[in-house]
Every structure is written in C-alpha cells, then in structure tokens.
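One file, my_file-v3.cif, carrying mmCIF, C-alpha atoms and all ligand atoms:
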data_target
#
loop_
_atom_site.label_atom_id
_atom_site.label_comp_id
_atom_site.auth_asym_id
_atom_site.auth_seq_id
_atom_site.Cartn_x
_atom_site.Cartn_y
_atom_site.Cartn_z
CA MET A 1 0.00 0.00 0.00
CA ARG A 2 1.22 3.50 -0.84
CA GLU A 3 1.74 6.03 1.89
CA LYS A 4 -0.77 8.80 2.20
CA ILE A 5 -0.34 12.57 2.23
CA VAL A 6 -2.92 15.21 3.07
CA LEU A 7 -2.67 18.35 0.92
CA ALA A 8 -4.18 21.71 1.91
CA TYR A 9 -6.16 22.34 -1.27
CA SER A 10 -7.57 25.67 -2.42
CA GLY A 11 -8.66 24.55 -5.88
CA GLY A 12 -6.24 26.99 -7.54
CA LEU A 13 -3.60 26.11 -10.11
CA ASP A 14 -0.70 25.59 -7.67
CA THR A 15 -2.39 23.09 -5.41
CA SER A 16 -4.09 21.42 -8.39
CA VAL A 17 -0.82 20.58 -10.12
CA ALA A 18 0.55 19.61 -6.70
CA ILE A 19 -1.95 16.72 -6.51
CA ARG A 20 -0.59 15.21 -9.68
CA TRP A 21 3.04 15.95 -8.81
CA LEU A 22 2.79 14.32 -5.38
CA LYS A 23 1.31 11.18 -6.94
CA GLU A 24 3.80 11.05 -9.74
CA THR A 25 7.12 12.06 -8.25
CA LYS A 26 6.61 11.15 -4.60
CA ASN A 27 4.51 8.06 -5.24
CA LEU A 28 1.91 9.00 -2.65
CA ASP A 29 -1.84 8.67 -2.33
CA VAL A 30 -3.13 12.22 -2.12
CA VAL A 31 -6.00 13.23 0.13
CA THR A 32 -7.07 16.85 -0.26
CA LEU A 33 -8.47 19.14 2.40
CA THR A 34 -10.29 22.42 1.87
CA VAL A 35 -11.00 24.50 4.95
CA ASP A 36 -13.87 26.93 4.56
CA LEU A 37 -13.09 30.22 6.29
CA GLY A 38 -15.73 32.17 4.47
CA GLN A 39 -13.73 32.62 1.28
CA ALA A 40 -16.96 32.40 -0.73
CA GLU A 41 -15.79 29.82 -3.22
CA ASP A 42 -17.74 26.91 -4.60
CA LEU A 43 -16.74 24.07 -2.31
CA GLN A 44 -18.45 21.41 -4.40
CA THR A 45 -16.52 22.44 -7.51
CA ILE A 46 -13.29 22.30 -5.53
CA GLN A 47 -14.11 18.79 -4.34
CA ASP A 48 -15.00 17.60 -7.87
CA LYS A 49 -11.82 19.07 -9.25
CA SER A 50 -9.66 17.34 -6.65
CA ARG A 51 -11.19 13.96 -7.48
CA GLN A 52 -10.88 14.57 -11.19
CA ILE A 53 -7.16 15.34 -10.90
CA GLY A 54 -6.64 12.15 -8.99
CA ALA A 55 -6.97 12.64 -5.25
CA THR A 56 -8.09 9.44 -3.51
CA ASN A 57 -10.25 11.33 -1.05
CA HIS A 58 -11.32 14.90 -0.28
CA HIS A 59 -12.41 16.58 2.93
CA THR A 60 -14.22 19.88 3.25
CA ILE A 61 -14.20 21.36 6.72
CA LYS A 62 -16.40 24.31 7.51
CA ALA A 63 -14.58 26.32 10.11
CA GLU A 64 -15.93 29.85 9.76
CA LYS A 65 -17.35 30.01 13.24
CA GLU A 66 -14.22 28.58 14.80
CA PHE A 67 -12.13 31.03 12.77
CA VAL A 68 -14.08 34.03 13.97
CA GLU A 69 -14.41 33.00 17.60
CA ASP A 70 -10.93 31.57 18.19
CA TYR A 71 -8.78 33.67 15.85
CA VAL A 72 -10.58 36.84 14.74
CA PHE A 73 -11.96 37.73 18.18
CA PRO A 74 -8.55 37.51 19.87
CA ALA A 75 -7.22 39.67 17.02
CA ILE A 76 -9.92 42.28 17.72
CA LYS A 77 -9.07 42.24 21.42
CA ALA A 78 -5.42 42.79 20.44
CA ASN A 79 -6.32 45.51 17.87
CA ALA A 80 -4.08 43.42 15.68
CA LEU A 81 -2.43 45.36 12.87
CA TYR A 82 0.97 44.34 11.54
CA GLU A 83 3.17 47.38 11.03
CA ARG A 84 0.13 49.46 12.02
CA LYS A 85 -1.70 48.66 8.80
CA TYR A 86 -2.39 45.03 7.96
CA PRO A 87 -5.10 43.21 9.98
CA ILE A 88 -3.17 39.91 9.52
CA SER A 89 -6.13 38.20 7.83
CA THR A 90 -4.06 35.58 6.00
CA ALA A 91 -1.75 35.06 8.97
CA LEU A 92 -4.66 34.32 11.31
CA ALA A 93 -6.05 31.63 9.03
CA ARG A 94 -2.87 29.57 8.66
CA PRO A 95 -2.64 28.00 12.13
CA LEU A 96 -6.28 26.92 11.91
CA ILE A 97 -5.79 25.35 8.47
CA ALA A 98 -2.65 23.66 9.82
CA GLN A 99 -4.60 22.26 12.76
CA LYS A 100 -7.22 20.79 10.42
CA LEU A 101 -4.44 19.39 8.25
CA VAL A 102 -2.89 17.59 11.22
CA GLU A 103 -6.27 16.26 12.39
CA THR A 104 -7.09 15.01 8.91
CA ALA A 105 -3.67 13.38 8.61
CA HIS A 106 -4.39 11.51 11.84
CA SER A 107 -7.87 10.41 10.83
CA GLU A 108 -6.59 9.30 7.42
CA ASN A 109 -3.50 7.57 8.83
CA ALA A 110 -1.34 9.73 6.60
CA THR A 111 2.38 10.03 7.22
CA SER A 112 2.82 13.43 5.68
CA VAL A 113 1.12 16.71 4.83
CA ALA A 114 1.61 19.23 2.04
CA HIS A 115 0.89 22.89 1.34
CA GLY A 116 1.12 24.97 -1.82
CA CYS A 117 3.30 27.80 -0.49
CA THR A 118 6.39 29.02 -2.29
CA GLY A 119 9.72 29.54 -0.57
CA LYS A 120 9.47 33.32 -0.54
CA GLY A 121 6.50 34.03 1.64
CA ASN A 122 5.25 33.99 5.21
CA ASP A 123 2.67 31.28 4.76
CA GLN A 124 5.19 28.43 4.50
CA VAL A 125 6.53 29.45 7.91
CA ARG A 126 3.08 29.74 9.48
CA PHE A 127 1.98 26.35 8.18
CA GLU A 128 5.10 24.47 9.08
CA VAL A 129 5.61 25.87 12.57
CA ALA A 130 1.96 25.17 13.38
CA ILE A 131 2.09 21.63 11.94
CA ARG A 132 5.29 20.73 13.80
CA SER A 133 4.00 22.26 17.02
CA GLN A 134 1.14 19.80 16.90
CA ASP A 135 2.83 16.72 15.47
CA PRO A 136 6.58 16.83 14.85
CA THR A 137 6.52 13.32 13.37
CA LEU A 138 4.55 14.33 10.28
CA LYS A 139 6.67 14.86 7.18
CA ILE A 140 6.00 18.15 5.39
CA ILE A 141 6.25 18.52 1.64
CA ALA A 142 6.04 21.87 -0.11
CA PRO A 143 5.71 21.04 -3.83
CA MET A 144 5.82 24.64 -5.05
CA ARG A 145 8.98 25.36 -3.08
CA GLU A 146 10.68 22.12 -4.07
CA TRP A 147 9.63 22.09 -7.69
CA ASN A 148 10.12 25.81 -8.29
CA LEU A 149 8.25 26.07 -11.61
CA SER A 150 7.53 29.28 -13.44
CA ARG A 151 3.90 30.09 -14.10
CA GLU A 152 4.33 29.14 -17.77
CA GLU A 153 5.90 25.77 -16.95
CA GLU A 154 3.10 25.11 -14.51
CA ILE A 155 0.45 25.78 -17.14
CA ARG A 156 2.27 23.53 -19.62
CA TYR A 157 2.35 20.77 -17.01
CA ALA A 158 -1.34 21.27 -16.28
CA ASN A 159 -2.31 21.13 -19.95
CA LYS A 160 -0.20 18.04 -20.51
CA HIS A 161 -1.91 16.19 -17.64
CA GLY A 162 -5.44 17.36 -18.28
CA ILE A 163 -5.53 19.44 -15.11
CA PRO A 164 -8.22 22.10 -15.45
CA VAL A 165 -6.58 25.49 -15.70
CA PRO A 166 -8.65 28.38 -14.30
CA ALA A 167 -10.39 30.39 -17.03
CA ASP A 168 -9.01 33.67 -15.74
CA LEU A 169 -5.44 32.65 -16.31
CA ASP A 170 -4.59 36.00 -17.80
CA ASN A 171 -5.41 37.25 -14.33
CA PRO A 172 -1.89 37.95 -13.12
CA TYR A 173 -2.80 38.41 -9.45
CA SER A 174 -2.36 36.12 -6.49
CA VAL A 175 -5.32 36.36 -4.14
CA ASP A 176 -6.03 34.93 -0.72
CA GLN A 177 -9.25 35.56 1.14
CA ASN A 178 -11.27 34.69 4.20
CA LEU A 179 -13.82 36.47 6.38
CA TRP A 180 -11.24 38.82 7.86
CA GLY A 181 -9.88 40.10 4.55
CA ARG A 182 -8.72 39.71 1.00
CA SER A 183 -5.11 40.09 -0.10
CA ILE A 184 -3.92 40.80 -3.63
CA GLU A 185 -0.33 40.46 -4.83
CA CYS A 186 1.76 40.13 -8.04
CA GLY A 187 1.47 41.57 -11.54
CA VAL A 188 1.60 45.36 -11.81
CA LEU A 189 1.27 45.60 -8.02
CA GLU A 190 4.95 44.67 -7.81
CA ASP A 191 5.74 48.25 -8.79
CA PRO A 192 5.20 50.07 -5.51
CA SER A 193 5.48 53.44 -7.23
CA ALA A 194 2.33 52.86 -9.29
CA GLU A 195 -1.27 53.17 -8.08
CA PRO A 196 -3.11 49.82 -8.17
CA PRO A 197 -5.54 49.41 -11.08
CA ALA A 198 -9.25 49.44 -10.23
CA GLU A 199 -9.72 45.87 -11.45
CA ILE A 200 -7.99 44.27 -8.46
CA TYR A 201 -10.71 45.23 -5.99
CA GLU A 202 -13.68 42.97 -5.38
CA TRP A 203 -14.95 43.72 -1.90
CA THR A 204 -14.74 47.49 -1.87
CA SER A 205 -15.91 50.40 -4.03
CA SER A 206 -13.57 53.19 -4.93
CA GLN A 207 -14.11 56.46 -3.09
CA GLU A 208 -15.55 57.91 -6.31
CA GLN A 209 -18.10 55.12 -6.70
CA ALA A 210 -18.92 54.71 -3.03
CA LEU A 211 -22.44 55.54 -1.86
CA ASN A 212 -23.19 59.23 -1.77
CA GLU A 213 -24.98 59.13 1.56
CA PRO A 214 -23.13 58.05 4.71
CA THR A 215 -24.12 54.96 6.66
CA TYR A 216 -23.90 54.98 10.44
CA VAL A 217 -23.08 51.79 12.28
CA ASN A 218 -23.33 51.24 15.96
CA ILE A 219 -21.24 48.36 17.28
CA GLN A 220 -21.96 46.92 20.70
CA PHE A 221 -19.11 45.12 22.49
CA ASP A 222 -19.33 42.83 25.51
CA ASN A 223 -16.00 42.09 27.16
CA GLY A 224 -14.11 43.07 24.03
CA ILE A 225 -16.23 41.00 21.66
CA PRO A 226 -18.72 42.47 19.17
CA VAL A 227 -22.23 41.22 19.88
CA ALA A 228 -24.63 43.53 18.04
CA VAL A 229 -24.74 45.91 15.10
CA ASN A 230 -27.26 48.76 15.16
CA ASP A 231 -28.85 47.22 18.25
CA ARG A 232 -29.44 43.93 16.46
CA PRO A 233 -27.72 41.04 18.25
CA MET A 234 -25.99 38.85 15.67
CA PRO A 235 -23.89 35.69 15.66
CA PRO A 236 -20.14 36.26 15.25
CA VAL A 237 -19.85 35.24 11.61
CA GLU A 238 -22.84 37.40 10.62
CA ILE A 239 -21.40 40.48 12.28
CA ILE A 240 -18.21 40.19 10.27
CA ARG A 241 -20.09 39.57 7.02
CA GLU A 242 -22.40 42.50 7.65
CA LEU A 243 -19.54 44.91 8.27
CA ASN A 244 -17.66 43.67 5.21
CA LEU A 245 -20.71 44.48 3.09
CA LYS A 246 -21.52 47.80 4.70
CA GLY A 247 -17.91 48.95 4.71
CA GLY A 248 -17.26 47.69 1.20
CA LYS A 249 -20.06 49.82 -0.24
CA HIS A 250 -18.40 52.88 1.24
CA GLY A 251 -14.90 51.96 0.08
CA VAL A 252 -13.72 51.34 3.63
CA GLY A 253 -10.75 49.04 4.27
CA ARG A 254 -8.56 49.39 1.21
CA ILE A 255 -4.96 49.08 2.35
CA ASP A 256 -1.82 49.63 0.29
CA HIS A 257 1.08 48.34 2.35
CA LEU A 258 4.82 48.11 1.80
CA GLU A 259 5.27 45.14 4.06
CA ASP A 260 8.27 43.52 5.73
CA ARG A 261 7.98 39.79 5.20
CA LEU A 262 9.49 37.41 7.68
CA VAL A 263 12.04 36.14 5.14
CA GLY A 264 13.43 39.67 4.90
CA ILE A 265 11.83 40.74 1.63
CA LYS A 266 9.91 43.99 1.38
CA SER A 267 6.78 43.44 -0.66
CA ARG A 268 3.90 45.56 -1.86
CA GLU A 269 0.61 44.14 -0.62
CA ILE A 270 -2.92 45.30 -1.25
CA TYR A 271 -5.73 44.35 1.10
CA GLU A 272 -9.46 44.78 1.31
CA CYS A 273 -10.49 44.47 4.94
CA PRO A 274 -13.66 46.49 5.58
CA ALA A 275 -14.88 44.63 8.67
CA ALA A 276 -11.43 44.46 10.22
CA THR A 277 -10.79 48.15 9.65
CA ILE A 278 -14.11 49.18 11.18
CA MET A 279 -13.91 46.73 14.05
CA ILE A 280 -10.39 47.57 15.17
CA GLU A 281 -11.08 51.30 14.99
CA ALA A 282 -14.22 50.85 17.10
CA HIS A 283 -12.66 48.47 19.59
CA ARG A 284 -9.65 50.67 20.18
CA GLU A 285 -11.93 53.63 20.81
CA LEU A 286 -13.94 51.76 23.39
CA GLU A 287 -10.74 50.71 25.16
CA LYS A 288 -9.79 54.36 25.39
CA SER A 289 -13.02 55.03 27.27
CA VAL A 290 -12.73 52.27 29.82
CA LEU A 291 -9.02 51.64 30.40
CA THR A 292 -6.72 53.88 32.40
CA ARG A 293 -4.04 55.72 30.50
CA HIS A 294 -1.37 53.35 31.82
CA GLU A 295 -3.30 50.42 30.46
CA VAL A 296 -3.89 52.14 27.13
CA TRP A 297 -0.21 53.01 26.71
CA PHE A 298 1.13 49.65 27.76
CA LYS A 299 -1.44 47.76 25.71
CA GLU A 300 -0.22 49.46 22.53
CA THR A 301 3.08 47.67 23.03
CA ILE A 302 1.42 44.35 23.86
CA ASP A 303 -0.87 44.69 20.82
CA ALA A 304 2.01 45.39 18.44
CA GLU A 305 3.89 42.40 19.86
CA TRP A 306 0.83 40.16 19.44
CA ALA A 307 0.39 41.13 15.79
CA ARG A 308 4.08 40.60 15.06
CA LEU A 309 4.07 37.21 16.75
CA VAL A 310 1.09 35.97 14.76
CA TYR A 311 2.31 37.54 11.51
CA THR A 312 5.63 35.74 11.88
CA GLY A 313 4.04 32.33 12.23
CA LEU A 314 4.32 31.81 15.97
CA TRP A 315 0.64 31.44 16.86
CA ASN A 316 1.50 28.29 18.80
CA ASP A 317 4.22 29.90 20.92
CA PRO A 318 3.41 30.09 24.64
CA PHE A 319 4.29 33.78 24.40
CA ARG A 320 0.94 34.33 22.69
CA GLU A 321 -0.88 32.92 25.68
CA ASP A 322 1.15 35.16 27.97
CA LEU A 323 0.15 38.19 25.95
CA ASP A 324 -3.44 36.94 25.79
CA ALA A 325 -3.54 36.72 29.57
CA PHE A 326 -2.84 40.43 29.85
CA ILE A 327 -5.19 41.30 27.00
CA GLU A 328 -7.99 39.10 28.35
CA LYS A 329 -7.79 40.78 31.77
CA THR A 330 -8.20 44.23 30.21
CA GLN A 331 -11.19 43.08 28.16
CA GLU A 332 -13.26 42.49 31.31
CA ARG A 333 -14.16 46.18 31.12
CA VAL A 334 -14.43 46.60 27.35
CA THR A 335 -18.21 46.77 27.24
CA GLY A 336 -20.17 49.50 25.53
CA SER A 337 -20.89 50.79 22.07
CA VAL A 338 -19.18 52.81 19.39
CA ARG A 339 -20.81 54.64 16.54
CA LEU A 340 -19.04 55.16 13.23
CA LYS A 341 -19.84 57.06 10.09
CA LEU A 342 -18.94 55.19 6.91
CA TYR A 343 -18.42 57.57 4.06
CA LYS A 344 -16.20 57.79 0.96
CA GLY A 345 -13.51 55.42 2.14
CA SER A 346 -13.45 56.34 5.79
CA ALA A 347 -14.82 54.82 8.96
CA GLN A 348 -14.93 57.72 11.32
CA ILE A 349 -15.73 57.42 15.00
CA VAL A 350 -18.53 59.82 15.93
CA ALA A 351 -19.65 58.60 19.35
CA ARG A 352 -18.84 56.12 22.11
CA SER A 353 -20.55 55.19 25.35
CA SER A 354 -20.05 52.67 28.09
CA PRO A 355 -21.43 52.03 31.56
CA LEU A 356 -17.78 51.52 32.57
CA SER A 357 -16.46 54.68 30.95
CA LEU A 358 -13.83 56.58 32.92
CA TYR A 359 -14.84 59.80 31.24
CA ASP A 360 -16.04 62.17 33.94
CA THR A 361 -17.89 65.22 32.71
CA ASP A 362 -17.52 66.99 36.04
CA LEU A 363 -13.76 66.77 35.72
CA ALA A 364 -13.56 67.54 32.02
CA THR A 365 -16.04 70.39 31.73
CA TYR A 366 -14.97 74.02 31.38
CA ASN A 367 -18.20 75.08 33.04
CA ALA A 368 -18.29 76.56 36.53
CA SER A 369 -19.66 73.26 37.83
CA SER A 370 -16.29 71.53 37.38
CA THR A 371 -15.03 69.60 40.38
CA PHE A 372 -11.43 69.86 39.23
CA ASN A 373 -9.48 72.27 41.42
CA GLN A 374 -7.23 74.16 39.02
CA ALA A 375 -5.13 75.55 41.87
CA TRP A 376 -3.64 72.09 42.44
CA SER A 377 -2.07 72.14 39.00
CA GLU A 378 0.52 74.74 39.92
CA GLY A 379 2.24 72.51 42.45
CA PHE A 380 1.73 69.46 40.27
CA ILE A 381 3.59 71.08 37.38
CA GLN A 382 6.51 72.05 39.65
CA ILE A 383 7.01 68.46 40.72
CA TRP A 384 6.20 66.83 37.38
CA GLY A 385 8.68 69.00 35.50
CA MET A 386 11.36 69.09 38.21
CA PRO A 387 13.71 66.43 36.72
CA THR A 388 13.49 68.05 33.29
CA VAL A 389 14.20 71.51 34.64
CA VAL A 390 17.15 70.25 36.71
CA ALA A 391 18.61 68.46 33.68
CA ASN A 392 18.42 71.60 31.58
CA ILE A 393 20.17 73.70 34.22
CA ARG A 394 22.96 71.11 34.53
CA ASN A 395 23.40 70.83 30.76
CA ARG A 396 23.77 74.55 30.36
CA GLN A 397 26.42 74.64 33.12
CA ASN A 398 28.30 71.73 31.55
CA ARG A 399 28.24 73.29 28.10
CA ALA A 400 29.67 76.52 29.49
CA ARG A 401 32.51 74.55 31.13
CA ILE A 402 33.27 72.60 27.93
CA VAL A 403 33.41 75.76 25.83
CA LYS A 404 36.01 77.27 28.22
CA GLN A 405 38.22 74.13 28.05
CA THR A 406 38.26 73.92 24.25
CA PRO A 407 41.75 74.86 22.91
CA PRO A 408 41.98 77.69 20.38
CA PRO A 409 41.72 76.61 16.73
CA GLN A 410 45.06 75.75 15.11
CA ALA A 411 46.33 77.29 11.95
CA PRO A 412 45.30 75.27 8.90
CA LEU A 413 47.90 72.81 7.58
CA ALA A 414 50.05 74.22 4.80
N1 LIG B 501 1.45 39.29 2.86
C1 LIG B 501 0.28 38.72 3.48
C2 LIG B 501 0.73 37.84 4.62
O1 LIG B 501 1.84 37.41 4.66
C3 LIG B 501 -0.62 38.04 2.50
C4 LIG B 501 -0.17 36.72 2.01
C5 LIG B 501 -1.09 36.17 0.98
N2 LIG B 501 -0.89 34.77 0.82
C6 LIG B 501 -1.13 34.10 -0.29
N3 LIG B 501 -0.90 32.81 -0.27
N4 LIG B 501 -1.55 34.69 -1.38
O2 LIG B 501 -0.04 37.56 5.49
#

Using the file provided, produce a representation of the structure as structure tokens.
Amino acid sequence: MREKIVLAYSGGLDTSVAIRWLKETKNLDVVTLTVDLGQAEDLQTIQDKSRQIGATNHHTIKAEKEFVEDYVFPAIKANALYERKYPISTALARPLIAQKLVETAHSENATSVAHGCTGKGNDQVRFEVAIRSQDPTLKIIAPMREWNLSREEEIRYANKHGIPVPADLDNPYSVDQNLWGRSIECGVLEDPSAEPPAEIYEWTSSQEQALNEPTYVNIQFDNGIPVAVNDRPMPPVEIIRELNLKGGKHGVGRIDHLEDRLVGIKSREIYECPAATIMIEAHRELEKSVLTRHEVWFKETIDAEWARLVYTGLWNDPFREDLDAFIEKTQERVTGSVRLKLYKGSAQIVARSSPLSLYDTDLATYNASSTFNQAWSEGFIQIWGMPTVVANIRNRQNRARIVKQTPPPQAPLA
C-alpha cells in the first residue's frame, strides 16, 4: 500500500498541479483538504476538481465560526495590525488550516502533509511551525517550493496532464481571502510606485463610486467582543459579514502596504479588509473610554507584539498565551458601544458610550460646575517638571565649562 499525504487544497492552479506531482514524483496517495473560512468559493466544484485530478479522497471542513471565535476575536481584542496597517487576515487563518491538516492526517493515517506555499512568503513558515508544534513526526512537503516552476511551466504541465486550468489565467494576481480580509499580490502591483488598477478590488468600491450618503453603524461590544450591530444582536460570523458588506459599499478598508515579510523581503501588498478596519477602529476607541491611561499606553506595546508574533508564524508559541492573559484581563471592562460614520472610504468614530467609561464630565467640563481644582495644578507642574528643569540647568552649566576648556583653533595645515 502506498503512503498517504494530506494536501491543503484551495482549488487553484498551484495546489491542483501539486496533486498530480505528489502522486507522480513522490509516489503517494493524495487526500485533499479544503478548509472553509468564508472565502466564498464553490466548495463542491473544488471537491470535484480534486477527485478529477486524482486525489483518492477529499475533505471539506467548515470552520468559519471557529475562525471568527478563536482567531478573529482575539485579534480584535489585540487591535491586531501588523506594522500598524495590515489586519493579519491571512496570517490568522494559517494556524487553523494547519490544525485541520494535522487532524485530517491523523484520521486518514497519513504520514505526511503538504501545502502549496512558495519559498518566498510567510505562509510556509506559518503552516510548518503550526504543523510541527502539533505533530513533529509528520513529514511536510512543499511542492511549489521544491519544484520551483515558473507560471508558464506550470500551465504547460497542467495542460499536458489534463488538469483544469482556471479560465481567468490572464489574471496575473495572487489572491487569498477569508472572512477577515482579501489580499492581492503580483502583476503590476509589484511596482510600488504605481497606483493599483481598479480591477484588483472585489470587496470594496472606490471612493468615487462609493455611496453618496453616509451609513452609520453602531457596534456593541461585551468584554471586548462584538455582539450587536445597530442594536441587532448577531452571531459572530454574521457580524463580520455584515460589516464587510456595509464597509465595502463605502470603500472602507482598502490598504496599500509596503510590508516587511518574515524572510526579509519587502513586498507591496494590497488588502481589502472592511470589517477588520471598522472593528479595530471601534474596539480601540472603546478601550480608550474604559481603560486607564497606563493600560492604554502599555497595551499598545502588547498589541504590536501580538500582531508581530502571529504575523511571523508563531501562533503556537506560549508567548501568545502570555500576551493573551494580559489582554484578556483588560477586556473584562471593554463593554459599551461605538458609533461610526462610513463615508467615501473612511470609517470615522462619531460617538462612544459605556457604563464603565472613565470619562467624567464633572472633571472635564470648562463650566463653573467643574469639580477639578485648578489651583492644584501649579504645584503638580513644579514636581512633574522638576527632573526636566534640573537636567536643563545642569546641561547649560556643563556646556559653558566645555566651551572654556576647548583649545583655540590651530592654523590650517600648509
Ligand atoms: N502578505 C500577506 C501575509 O503574509 C498576504 C499573504 C497572501 N498569501 C497568499 N498565499 N496569497 O499575510
């Protein structure tokens, strides 16, 4: 009996030719696995295609809910943006797909697993670290990395073996999508000095074509998690879908990012992440209402660290749980609602309220009713600024001393 391998299968050209290649050159029985994370593709067609190319079995696992609850929600709590821009939508999905790959390998008695990543990106790292963290005995094969074919060679191979080649092959872009976002790479986008062509966008309108009237959305959070939109309680997956649609119509969530990949390459990435953009903006605002300034400042560092950790493929590192412990504790108070105005590409905060808000009108107001005693500030400023004032006095004295000790300039040489 031949050994079995489970391949993470998207239905695209790379993983399609990988089925045939694994059979042919590695002499393996290939089982394919497609994990549904809300990428809105035809799962039945993907299954049929896998069988037609020669997989011995195919699994489809619907994991949208798990993705949102166990990966997207922690990302919201961490306001997760890599390099302050990218909501790590692809990065979040990889450890979950890897987990399903390992589980399927076990249920199928497979000895190895495969993914379609090249050797230049982040996804190979994310998959392989997550797979090994769960089962270091599984062999990992990366056909695209090992084989290293050009696009043309790949198409020739596909044609030769009767592998269906996608109709939109003149489409030069590489796309990855799930509920948390859509990423677009390659083709003309590789010139970072040129504006992306309109054709690459699918989830979002341009600012010019966005709706002419604003839409207001009110997002209710309970303990850091979104639970209702415009006072309508909704299940997690629905909330994300709803905000993707609403935001998309207003051109919210287009991101053009010059990104530092883990392998050291800078790459130009385009994203469409309407729900993520709206949600992180809203969540961060609510945190500012309910957390003390020390918590807000420190959490910015924790949040950046969390995003970097997940971006760089270390979802399974205990460090994430350490960071989560801090984040989770702060979220106990992140309850309330935030109102945003979606209009012509922007998601602008217009109001926030929370029963746990630390905002105190009596302190903040400039009216006579204020309870803040302004006289206290005089002494406060003396003490607060004391070290700075002392340092400046010392520096001036030292500079004066140094100037006196400097020898007179010498005559220029020759
Ligand atoms: N640069 C993004 C990331 O590393 C997007 C990667 C897209 N992946 C893909 N297989 N097309 O998360």

Per-residue nearest contacts chain A to ligand LIG 501 (chain B), cut-off 6 Å, using all atoms listed in the file, as a tab-separated table:
residue	atom	partner	partner_atom	distance
A:Ile88	CA	B:LIG501	O2	5.6
A:Thr90	CA	B:LIG501	O2	4.5
A:Ala91	CA	B:LIG501	O2	4.6
A:Asn122	CA	B:LIG501	O1	4.9
A:Ser174	CA	B:LIG501	N4	5.4
A:Val175	CA	B:LIG501	N4	5.0
A:Asp176	CA	B:LIG501	N4	4.5
A:Ser183	CA	B:LIG501	C3	5.6

Cut-off 12 Å: closest region 224-251 of chain A/region 44-68 of chain A atom pairs per residue, using only C-alpha atoms, as a tab-separated table:
residue	atom	partner	partner_atom	distance
A:Ile225	CA	A:Val68	CA	10.6
A:Pro226	CA	A:Val68	CA	10.9
A:Pro235	CA	A:Lys65	CA	9.0
A:Pro236	CA	A:Val68	CA	6.6
A:Val237	CA	A:Lys65	CA	6.0
A:Glu238	CA	A:Lys65	CA	9.6
A:Ile239	CA	A:Val68	CA	9.9
A:Ile240	CA	A:Val68	CA	8.3
A:Arg241	CA	A:Val68	CA	10.7

* **Nearby residues (all atoms listed in the file) at most 9 Å from Tyr201 (chain A), same-chain spacing under 3 positions excluded, as a VMD selection string** => chain A and resid 184 197 to 198 204 to 206 254 271 to 272

Next, dump the selected residues to file, keeping only C-alpha atoms, as a PDB file, keeping the file's coordinate frame.
ATOM      1  CA  ILE A 184      -3.920  40.800  -3.630  1.00  0.00           C
ATOM      2  CA  PRO A 197      -5.540  49.410 -11.080  1.00  0.00           C
ATOM      3  CA  ALA A 198      -9.250  49.440 -10.230  1.00  0.00           C
ATOM      4  CA  THR A 204     -14.740  47.490  -1.870  1.00  0.00           C
ATOM      5  CA  SER A 205     -15.910  50.400  -4.030  1.00  0.00           C
ATOM      6  CA  SER A 206     -13.570  53.190  -4.930  1.00  0.00           C
ATOM      7  CA  ARG A 254      -8.560  49.390   1.210  1.00  0.00           C
ATOM      8  CA  TYR A 271      -5.730  44.350   1.100  1.00  0.00           C
ATOM      9  CA  GLU A 272      -9.460  44.780   1.310  1.00  0.00           C
TER      10      GLU A 272
END

One residue among A:Thr25, A:Ser354, A:Asn316, A:Thr292 is nearest to Ile131 (chain A) when using only C-alpha atoms, and that residue is A:Asn316

Residue with the minimum atom-to-atom distance to Asp36 (chain A), picked from A:Gln374, A:Ser107, A:Gln177, A:Thr215 with only C-alpha atoms counted, is A:Gln177

Can you fill out region 146-157 of chain A with N, CA and C atoms and hand it back as an mmCIF file, in the coordinates of the input?
data_model
loop_
_atom_site.group_PDB
_atom_site.id
_atom_site.type_symbol
_atom_site.label_atom_id
_atom_site.label_comp_id
_atom_site.auth_asym_id
_atom_site.auth_seq_id
_atom_site.Cartn_x
_atom_site.Cartn_y
_atom_site.Cartn_z
ATOM 1 N N GLU A 146 9.715 23.130 -3.649
ATOM 2 C CA GLU A 146 10.680 22.120 -4.070
ATOM 3 C C GLU A 146 10.827 22.101 -5.596
ATOM 4 N N TRP A 147 9.706 22.229 -6.238
ATOM 5 C CA TRP A 147 9.630 22.090 -7.690
ATOM 6 C C TRP A 147 10.082 23.360 -8.391
ATOM 7 N N ASN A 148 9.681 24.493 -7.833
ATOM 8 C CA ASN A 148 10.120 25.810 -8.290
ATOM 9 C C ASN A 148 9.863 26.068 -9.774
ATOM 10 N N LEU A 149 8.632 25.844 -10.207
ATOM 11 C CA LEU A 149 8.250 26.070 -11.610
ATOM 12 C C LEU A 149 7.857 27.516 -11.852
ATOM 13 N N SER A 150 8.087 27.981 -13.079
ATOM 14 C CA SER A 150 7.530 29.280 -13.440
ATOM 15 C C SER A 150 6.052 29.068 -13.759
ATOM 16 N N ARG A 151 5.326 30.164 -13.803
ATOM 17 C CA ARG A 151 3.900 30.090 -14.100
ATOM 18 C C ARG A 151 3.664 29.392 -15.457
ATOM 19 N N GLU A 152 4.498 29.713 -16.425
ATOM 20 C CA GLU A 152 4.330 29.140 -17.770
ATOM 21 C C GLU A 152 4.550 27.624 -17.738
ATOM 22 N N GLU A 153 5.606 27.210 -17.041
ATOM 23 C CA GLU A 153 5.900 25.770 -16.950
ATOM 24 C C GLU A 153 4.757 25.031 -16.257
ATOM 25 N N GLU A 154 4.196 25.713 -15.265
ATOM 26 C CA GLU A 154 3.100 25.110 -14.510
ATOM 27 C C GLU A 154 1.896 24.889 -15.421
ATOM 28 N N ILE A 155 1.598 25.882 -16.236
ATOM 29 C CA ILE A 155 0.450 25.780 -17.140
ATOM 30 C C ILE A 155 0.703 24.687 -18.183
ATOM 31 N N ARG A 156 1.944 24.593 -18.660
ATOM 32 C CA ARG A 156 2.270 23.530 -19.620
ATOM 33 C C ARG A 156 2.053 22.156 -18.978
ATOM 34 N N TYR A 157 2.508 22.040 -17.739
ATOM 35 C CA TYR A 157 2.350 20.770 -17.010
ATOM 36 C C TYR A 157 0.863 20.447 -16.836
#
